[in-house]
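*Asks:* Quick one: structure below, then a few questions.
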Amino acid sequence: MSRRTGARRRLGSIRLSLILLALVPCVTLAALWGLTTIRMFSEGLELRSQTQLSRSTGAMGTHAALDLQRERALTADWLAGPDGSRSALVTQRRATDRSVARLMGQADAIAQAPARISDRLYSVLGSVGSLEYYRDQIDDPRDITAEEALEQYTSVIDDQIHAFQELSQVDDGDLTSRAQPLVSLEHAAELVSREDALLTLAWPSGRLEAERRQEFAELVHTRRWLVADQITPALTGDLKTQTERILSSPEWRALEAVEDQVLATPAEGKAQEVELPDLRDRWADAMDKVAPRYDALIRQQTGALLTRSADEARSLLVTAASLSAAGLLALLLCVSLSWRITRSLSRRLRGLRLATLGLAQERLPDVVARLERGEKVDPESATTPLDYGHDELGQVAQAFNTAQRTAVHTAVELADTRRGFQKIILGIARQSQNLVNLQLSKLDALERRHTDPEVLKGLYELDSAASQLRRYEENLVIVSGERPGRTWSEPVALIDILRSAVGEVAQYQRVEVFADEEVSLAPPAVADVIHLLAELIDNATAYSPAPSPVTVRTAMVARGLAVEIEDRGLGLSEEDYASLNANLAEPPQFDVVALADDLRLGMFVISQLAHRHGITVTLRPSPYGGTTAIVLVPHEVVVVTDEPSDTVREASAAQDAPVDAVSSPPRPLPTRDRSGAARKAAAEGAAPGSDDPGP
């Protein structure tokens with residue numbers, strides 16, 4: 001496995017991965033839904049705002065421009081001669097003022113418009129604001145001529161046309177394309193109106209100055225190009241029908257005919273003036289019919305375009321709301337499904353995890369504990385099958401079912417094998433015990449009949465070897481999970497227990513016993529305590545150099561009876577002390593001991609015996625460099641006697657320190673433990689111990 005792969009697998013739990021797997025698409029979908037909703041609503045609101053601005057400023061500006069065109073025509077007619085109607089001009093000025101007032105009343109809306117639009121509209125407002133001044137100059141020329149004042153109308157109308165063109169540039173491409181022909185139509189109407197103003201001023205004199213003729217020619221050619229190349233190809237629907245009706249009308253053809261004649265008339269004289277043909281009435285009649293139709297068309301199409309724009313904005317907002325609602329439902333559905341699937345998978349994974357932990361921490365240990373107690377266990381009933389469906393998790397559960405059945409079957413088979421092996425060991429040990437006990441009884445009888453020191457010495461040595469062999473046989477019985485055969489019915493004095501333990505040690509001569517406590521031990525614990533002390537004393541003598549003594553001391557403490565066994569060997573490391581004390585505190589299983597590299601059967605036996613009676617055994621360094629084993633027998637096992645026993649009195653009368661065989665005759669041992677080796681130990685005394693607590 002690469003380092004990168006290993007790191008990726010350590011990123012988190014499966015539950016976190018499932019949550020992330022569900023969270024990422026949900027967050028992405030939520031972000032897309034939010035962006036789409038905001039964008040669509042923004043477009044709809046912006047289009048509605050532009051429509052409202054166009055309705056409040058553009059349409060009013062268009063109406064004001066048409067009124068200004070009409071006022072310009074009447075002003076030119078009034079300036080041309082006495083035939084001009086002053087009352088019509090005054091009336092039109094009032095109509096223009098009303099249109100301009102409505103436009104100027106939209107100052108707040110203009111202030112909120114985009115800069116490109118507001119700049120144009122402010123230019124229009126600035127121009128119409130000075131309209132009254134130019135009217136005064138027309139009525140009573142003082143600063144400029146009436147003709148120069150008349151050109152101000154053209155400037156205001158041009159500003160309004162450009163402002164309307166900016167207003168028509170909306171985000172909806174279809175509306176923009178429909179607005180462009182309308183702007184061109186308004187421009188064309190303005191060009192025709194300017195032509196009318198030029199001719200109206202020139203009709204009374206019958207002549208057209210060269211500069212005015214040049215301006216007239218530019219207006220005509222620009223308007224014709226605009227109609228032919230920009231308006232006609234772009235027209236659609238009702239606007240096209242109405243425009244073509246105007247362009248094909250006799251009045252429009254009459255206007256074009258007058259234009260052609262004026263343009264065809266050659267210039268004369270130095271001033272290059274053009275003598276106008278006598279077509280004033282024809283031009284005026286045509287304009288009187290075309291201008292109202294043109295005005296009506298522009299007003300109607302402007303209103304229709306604004307209505308269509310409002311409908312588009314409303315439709316866009318409705319569509320945005322519908323799509324937003326649908327997107328929200330899809331998002332909620334996605335979140336709900338993701339949450340349910342994630343929660344279901346997490347719950348199943350958690351259930352599988354708890355089931356596996358329950359098997360590992362509860363069911364299998366319970367099966368093993370029952371097997372250790374010797375109970376019969378049915379592998380099929382001991383395993384609870386997991387059912388998680390037929391998908392991948394279900395397949396994992398099935399595999400786990402197979403694994404737990406195999407584990408339980410294996411545990412049962414191993415337990416049966418171990419019990420069988422223990423029975424074999426126990427059978428062999430019991431038979432050997434019988435022979436050893438028979439041998440000890442015969443040696444005891446011989447020791448009682450003979451008084452020859454040499455013969456007794458040999459018998460004592462045989463007795464000691466047989467006692468050690470009996471202890472080894474009892475080790476096998478303990479390993480097999482049974483109790484040794486020796487039993488007592490009465491409490492046994494501590495000194496007798498110590499002597500019996502020393503008697504089961506090969507180098508009993510090196511053991512020094514210091515025991516002043518007048519206490520006894522309860523009958524159920526006598527055999528096990530003798531065996532436990534014998535193992536520790538034997539270990540001390542085996543792992544300490546001869547003839548160094550092994551000292552055994554006893555003392556009553558707050559928690560019971562303490563027995564210290566101290567040798568003068570090489571000692572152990574801190575790690576070894578920690579490991580051995582851990583094994584003594586919690587007795588290991590026999591199969592663990594059998595698999596250990598360093599087989600310490602004595603430690604296993606000591607741990608089993610101590611655990612059986614609540615005895616605590618602790619190993620620690622000795623001040624002499626060796627090891628001190630401290631055996632703490634609890635109060636429940638200790639029996640305190642009121643009167644000192646004969647044995648203790650004799651030991652105290654002889655000396656206070658180690659029991660000396662020279663001054664102390666052999667003392668009687670407890671029933672069923674009258675071995676000659678024990679008496680030999682009591683008669684001859686003892687000396688030192690060991691560093692390695694295992695035999």
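As shown in the structure tokens, the chain order sets the letters A, B, ...; within each chain, residues go from 1, and ligands are also counted from 1 in the order they appear.
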Which neighbours of A:Leu609 fall inside 9 Å, counting only C-alpha atoms, when residues of the same chain fewer than 5 positions from it are skipped, and could you give them as a PyMOL selection string?
*Replies:* chain A and resi 478+528-529+531-532+604+614-615
*Asks:* Set the distance at 9 Å and use only C-alpha atoms: which residues neighbour stretch 381-387 of chain A once local chain neighbours fewer than 6 positions away are removed? I'd like the list as a list in words.
*Replies:*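 The filter keeps Leu352, Ala355, Leu359, Arg363, Leu364, Val367, Gly394, Ala397, Gln398, Phe400, Asn401, Thr402, Gln404, Arg405 and Val408 of chain A.
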*Asks:* Record the distance separating atom CA of A:Leu619 and atom CA of A:Val639, expressed in Å with one decimal.
*Replies:*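 Separation between atom CA of A:Leu619 and atom CA of A:Val639: 25.4 Å.
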*Asks:* Pick out the residues sitting within 9 Å of A:Arg559, and hand them over as a PyMOL selection string; count only C-alpha atoms, and ignore anything fewer than 4 positions along from it in its own chain.
*Replies:* chain A and resi 632-635
*Asks:* Measuring atom to atom with only C-alpha atoms, identify which of A:Pro524, A:Tyr577, A:Ala31, A:Arg449 is nearest to A:Arg620.
*Replies:*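 The shortest atom-to-atom distance to A:Arg620 comes from A:Tyr577.
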*Asks:* Would you please work out which residue, of A:Leu89, A:Val335, A:Ala286, A:Ala320, is nearest to A:Leu21 when using only C-alpha atoms?
*Replies:*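 Of the candidates, the smallest distance to A:Leu21 is held by A:Val335.
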*Asks:* Can you list, as a ChimeraX atom specification, every protein, DNA or RNA residue that comes within 10 Å of stretch 259-265 of chain A when you count only C-alpha atoms, leaving out same-chain residues fewer than 4 positions away?
*Replies:* /A:195,199,208,213-214,216-217,220-221,253-255,273-277,279,283
*Asks:* With distances taken over only C-alpha atoms, which of A:Arg510, A:Gln301, A:Arg370, A:Cys334 is nearest to A:Thr28?
*Replies:*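 Checking each candidate against A:Thr28, we get A:Cys334 as the closest.
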*Asks:* Given only C-alpha atoms as the basis, pick out the residue of A:Pro250, A:Gly126, A:Pro141, A:Gly389 nearest to A:Ser155.
*Replies:*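 When distances to A:Ser155 are compared using only C-alpha atoms, the smallest one comes from A:Gly126.
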*Asks:* Residues within 6 Å of stretch 488-501 of chain A, please, as a list in words. Count only C-alpha atoms; anything in the same chain fewer than 5 positions from it doesn't count.
*Replies:*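 Neighbouring residues, sequence-local ones excluded: Val519, Ser520, Leu521, Ala522, Pro523, Ile530, Leu533, Ala534, Ala678 and Ala682 of chain A.
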*Asks:* From stretch 242-353 of chain A, collect each residue whose DSSP state is alpha helix (DSSP H) and return the set as a VMD selection string.
*Replies:* chain A and resid 242 to 247 250 to 264 280 to 353
*Asks:* Find the residues around A:Glu190 up to 10 Å (only C-alpha atoms counted), leave out those fewer than 6 positions away in its own chain, and share them as JSON, numbers by chain.
*Replies:* {"A": [65, 66, 69, 154, 157, 158, 161, 184, 196, 219, 223]}
*Asks:* Pick the closest to A:Leu226 from A:Leu185, A:Trp203, A:Gln242, A:Glu586: which is it, counting only C-alpha atoms?
*Replies:*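 Among the listed residues, A:Leu185 lies closest to A:Leu226.
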*Asks:* Going by DSSP on the backbone, which bits of stretch 460-554 of chain A are strand (DSSP E)? Write them as an MDAnalysis selection string, please.
*Replies:* chainID A and resid 492:493 511:514 519:521 550:554
*Asks:* Grab the residues selected above and save them as a compact mmCIF listing (two decimals), in the first residue's frame with N, CA, C and O atoms.
*Replies:*
```txt
# COMPACT_ATOMS: atom_id res chain seq x y z
N VAL A 492 -4.09 -25.40 61.20
CA VAL A 492 -2.71 -25.86 61.36
C VAL A 492 -1.86 -24.66 61.71
O VAL A 492 -1.99 -23.58 61.11
N ALA A 493 -0.97 -24.83 62.68
CA ALA A 493 -0.11 -23.74 63.12
C ALA A 493 0.80 -23.27 62.00
O ALA A 493 1.24 -24.05 61.15
N VAL A 511 17.65 -22.77 54.32
CA VAL A 511 16.49 -21.92 54.63
C VAL A 511 16.49 -21.57 56.11
O VAL A 511 16.59 -22.47 56.97
N GLU A 512 16.39 -20.28 56.42
CA GLU A 512 16.28 -19.79 57.79
C GLU A 512 14.86 -19.28 58.00
O GLU A 512 14.39 -18.42 57.25
N VAL A 513 14.19 -19.80 59.04
CA VAL A 513 12.80 -19.46 59.30
C VAL A 513 12.71 -18.64 60.58
O VAL A 513 13.22 -19.07 61.62
N PHE A 514 12.06 -17.47 60.51
CA PHE A 514 11.80 -16.61 61.67
C PHE A 514 10.28 -16.46 61.79
O PHE A 514 9.66 -15.74 61.01
N VAL A 519 -0.29 -17.99 65.23
CA VAL A 519 -1.48 -18.04 64.38
C VAL A 519 -1.50 -19.37 63.66
O VAL A 519 -0.49 -20.09 63.56
N SER A 520 -2.67 -19.68 63.16
CA SER A 520 -2.87 -20.88 62.35
C SER A 520 -3.59 -20.48 61.08
O SER A 520 -4.10 -19.35 60.94
N LEU A 521 -3.66 -21.40 60.15
CA LEU A 521 -4.39 -21.18 58.91
C LEU A 521 -5.58 -22.11 58.83
O LEU A 521 -5.53 -23.25 59.33
N VAL A 550 18.52 -18.41 52.54
CA VAL A 550 17.21 -17.91 52.12
C VAL A 550 16.41 -17.69 53.39
O VAL A 550 16.17 -18.64 54.14
N THR A 551 16.01 -16.45 53.62
CA THR A 551 15.37 -16.09 54.89
C THR A 551 13.86 -16.03 54.71
O THR A 551 13.35 -15.43 53.76
N VAL A 552 13.16 -16.64 55.65
CA VAL A 552 11.69 -16.62 55.66
C VAL A 552 11.27 -15.93 56.95
O VAL A 552 11.60 -16.40 58.05
N ARG A 553 10.52 -14.82 56.85
CA ARG A 553 10.03 -14.08 58.01
C ARG A 553 8.52 -13.93 57.91
O ARG A 553 7.97 -13.83 56.82
N THR A 554 7.89 -13.88 59.06
CA THR A 554 6.44 -13.69 59.10
C THR A 554 6.11 -12.53 60.02
O THR A 554 6.85 -12.23 60.97
```
*Asks:* Which residue is closest to A:Ile606? Choose from A:Leu328, A:Ile537, A:Leu561, A:Ala415 and count only C-alpha atoms.
*Replies:*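 Under the stated criterion, the closest residue is A:Ile537.
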*Asks:* Go ahead and compute the interatomic distance for atom CA of A:Gly303 and atom CA of A:Leu182, in Å to one decimal.
*Replies:*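 If I compute the distance from atom CA of A:Gly303 to atom CA of A:Leu182, I get 11.0 Å.
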*Asks:* Identify, on the basis of only C-alpha atoms, every residue whose closest approach to A:Arg120 does not exceed 8 Å; exclude the query and any residue fewer than 4 positions from it along the same chain; express the result as JSON, numbers by chain.
*Replies:* {"A": [116, 124, 159, 160, 162, 163]}
*Asks:* Can I get the selection written as a PDB file, in the first residue's frame, with all heavy atoms?
*Replies:*
```pdb
ATOM      1  N   ARG A 116     -25.890  55.456 -18.006  1.00  0.00           N
ATOM      2  CA  ARG A 116     -25.973  55.716 -19.446  1.00  0.00           C
ATOM      3  C   ARG A 116     -27.338  56.270 -19.839  1.00  0.00           C
ATOM      4  O   ARG A 116     -27.463  57.000 -20.832  1.00  0.00           O
ATOM      5  CB  ARG A 116     -25.676  54.432 -20.224  1.00  0.00           C
ATOM      6  CG  ARG A 116     -26.665  53.307 -19.950  1.00  0.00           C
ATOM      7  CD  ARG A 116     -26.304  52.036 -20.714  1.00  0.00           C
ATOM      8  NE  ARG A 116     -27.255  50.975 -20.461  1.00  0.00           N
ATOM      9  CZ  ARG A 116     -28.384  50.817 -21.110  1.00  0.00           C
ATOM     10  NH1 ARG A 116     -28.719  51.690 -22.066  1.00  0.00           N
ATOM     11  NH2 ARG A 116     -29.208  49.815 -20.816  1.00  0.00           N
ATOM     12  N   VAL A 124     -32.049  65.813 -21.579  1.00  0.00           N
ATOM     13  CA  VAL A 124     -33.376  66.211 -22.066  1.00  0.00           C
ATOM     14  C   VAL A 124     -34.016  67.207 -21.098  1.00  0.00           C
ATOM     15  O   VAL A 124     -34.569  68.244 -21.512  1.00  0.00           O
ATOM     16  CB  VAL A 124     -34.270  64.973 -22.249  1.00  0.00           C
ATOM     17  CG1 VAL A 124     -35.701  65.390 -22.594  1.00  0.00           C
ATOM     18  CG2 VAL A 124     -33.711  64.071 -23.326  1.00  0.00           C
ATOM     19  N   ASP A 159     -32.048  64.863 -28.356  1.00  0.00           N
ATOM     20  CA  ASP A 159     -31.699  64.288 -27.052  1.00  0.00           C
ATOM     21  C   ASP A 159     -32.725  63.246 -26.618  1.00  0.00           C
ATOM     22  O   ASP A 159     -32.373  62.185 -26.063  1.00  0.00           O
ATOM     23  CB  ASP A 159     -31.614  65.394 -26.003  1.00  0.00           C
ATOM     24  CG  ASP A 159     -30.364  66.255 -26.182  1.00  0.00           C
ATOM     25  OD1 ASP A 159     -29.410  65.786 -26.850  1.00  0.00           O
ATOM     26  OD2 ASP A 159     -30.334  67.392 -25.651  1.00  0.00           O
ATOM     27  N   GLN A 160     -34.008  63.537 -26.862  1.00  0.00           N
ATOM     28  CA  GLN A 160     -35.042  62.592 -26.468  1.00  0.00           C
ATOM     29  C   GLN A 160     -34.951  61.299 -27.286  1.00  0.00           C
ATOM     30  O   GLN A 160     -35.121  60.207 -26.744  1.00  0.00           O
ATOM     31  CB  GLN A 160     -36.422  63.227 -26.637  1.00  0.00           C
ATOM     32  CG  GLN A 160     -37.589  62.250 -26.532  1.00  0.00           C
ATOM     33  CD  GLN A 160     -37.573  61.472 -25.227  1.00  0.00           C
ATOM     34  OE1 GLN A 160     -37.085  61.959 -24.218  1.00  0.00           O
ATOM     35  NE2 GLN A 160     -38.089  60.242 -25.282  1.00  0.00           N
ATOM     36  N   HIS A 162     -32.256  59.963 -28.604  1.00  0.00           N
ATOM     37  CA  HIS A 162     -31.118  59.189 -28.093  1.00  0.00           C
ATOM     38  C   HIS A 162     -31.425  58.570 -26.723  1.00  0.00           C
ATOM     39  O   HIS A 162     -31.003  57.441 -26.437  1.00  0.00           O
ATOM     40  CB  HIS A 162     -29.884  60.078 -28.001  1.00  0.00           C
ATOM     41  CG  HIS A 162     -29.280  60.387 -29.343  1.00  0.00           C
ATOM     42  ND1 HIS A 162     -29.554  61.554 -30.037  1.00  0.00           N
ATOM     43  CD2 HIS A 162     -28.430  59.683 -30.132  1.00  0.00           C
ATOM     44  CE1 HIS A 162     -28.890  61.564 -31.178  1.00  0.00           C
ATOM     45  NE2 HIS A 162     -28.190  60.426 -31.269  1.00  0.00           N
ATOM     46  N   ALA A 163     -32.153  59.299 -25.885  1.00  0.00           N
ATOM     47  CA  ALA A 163     -32.539  58.737 -24.587  1.00  0.00           C
ATOM     48  C   ALA A 163     -33.465  57.537 -24.763  1.00  0.00           C
ATOM     49  O   ALA A 163     -33.326  56.509 -24.075  1.00  0.00           O
ATOM     50  CB  ALA A 163     -33.215  59.806 -23.731  1.00  0.00           C
TER      51      ALA A 163
END
```
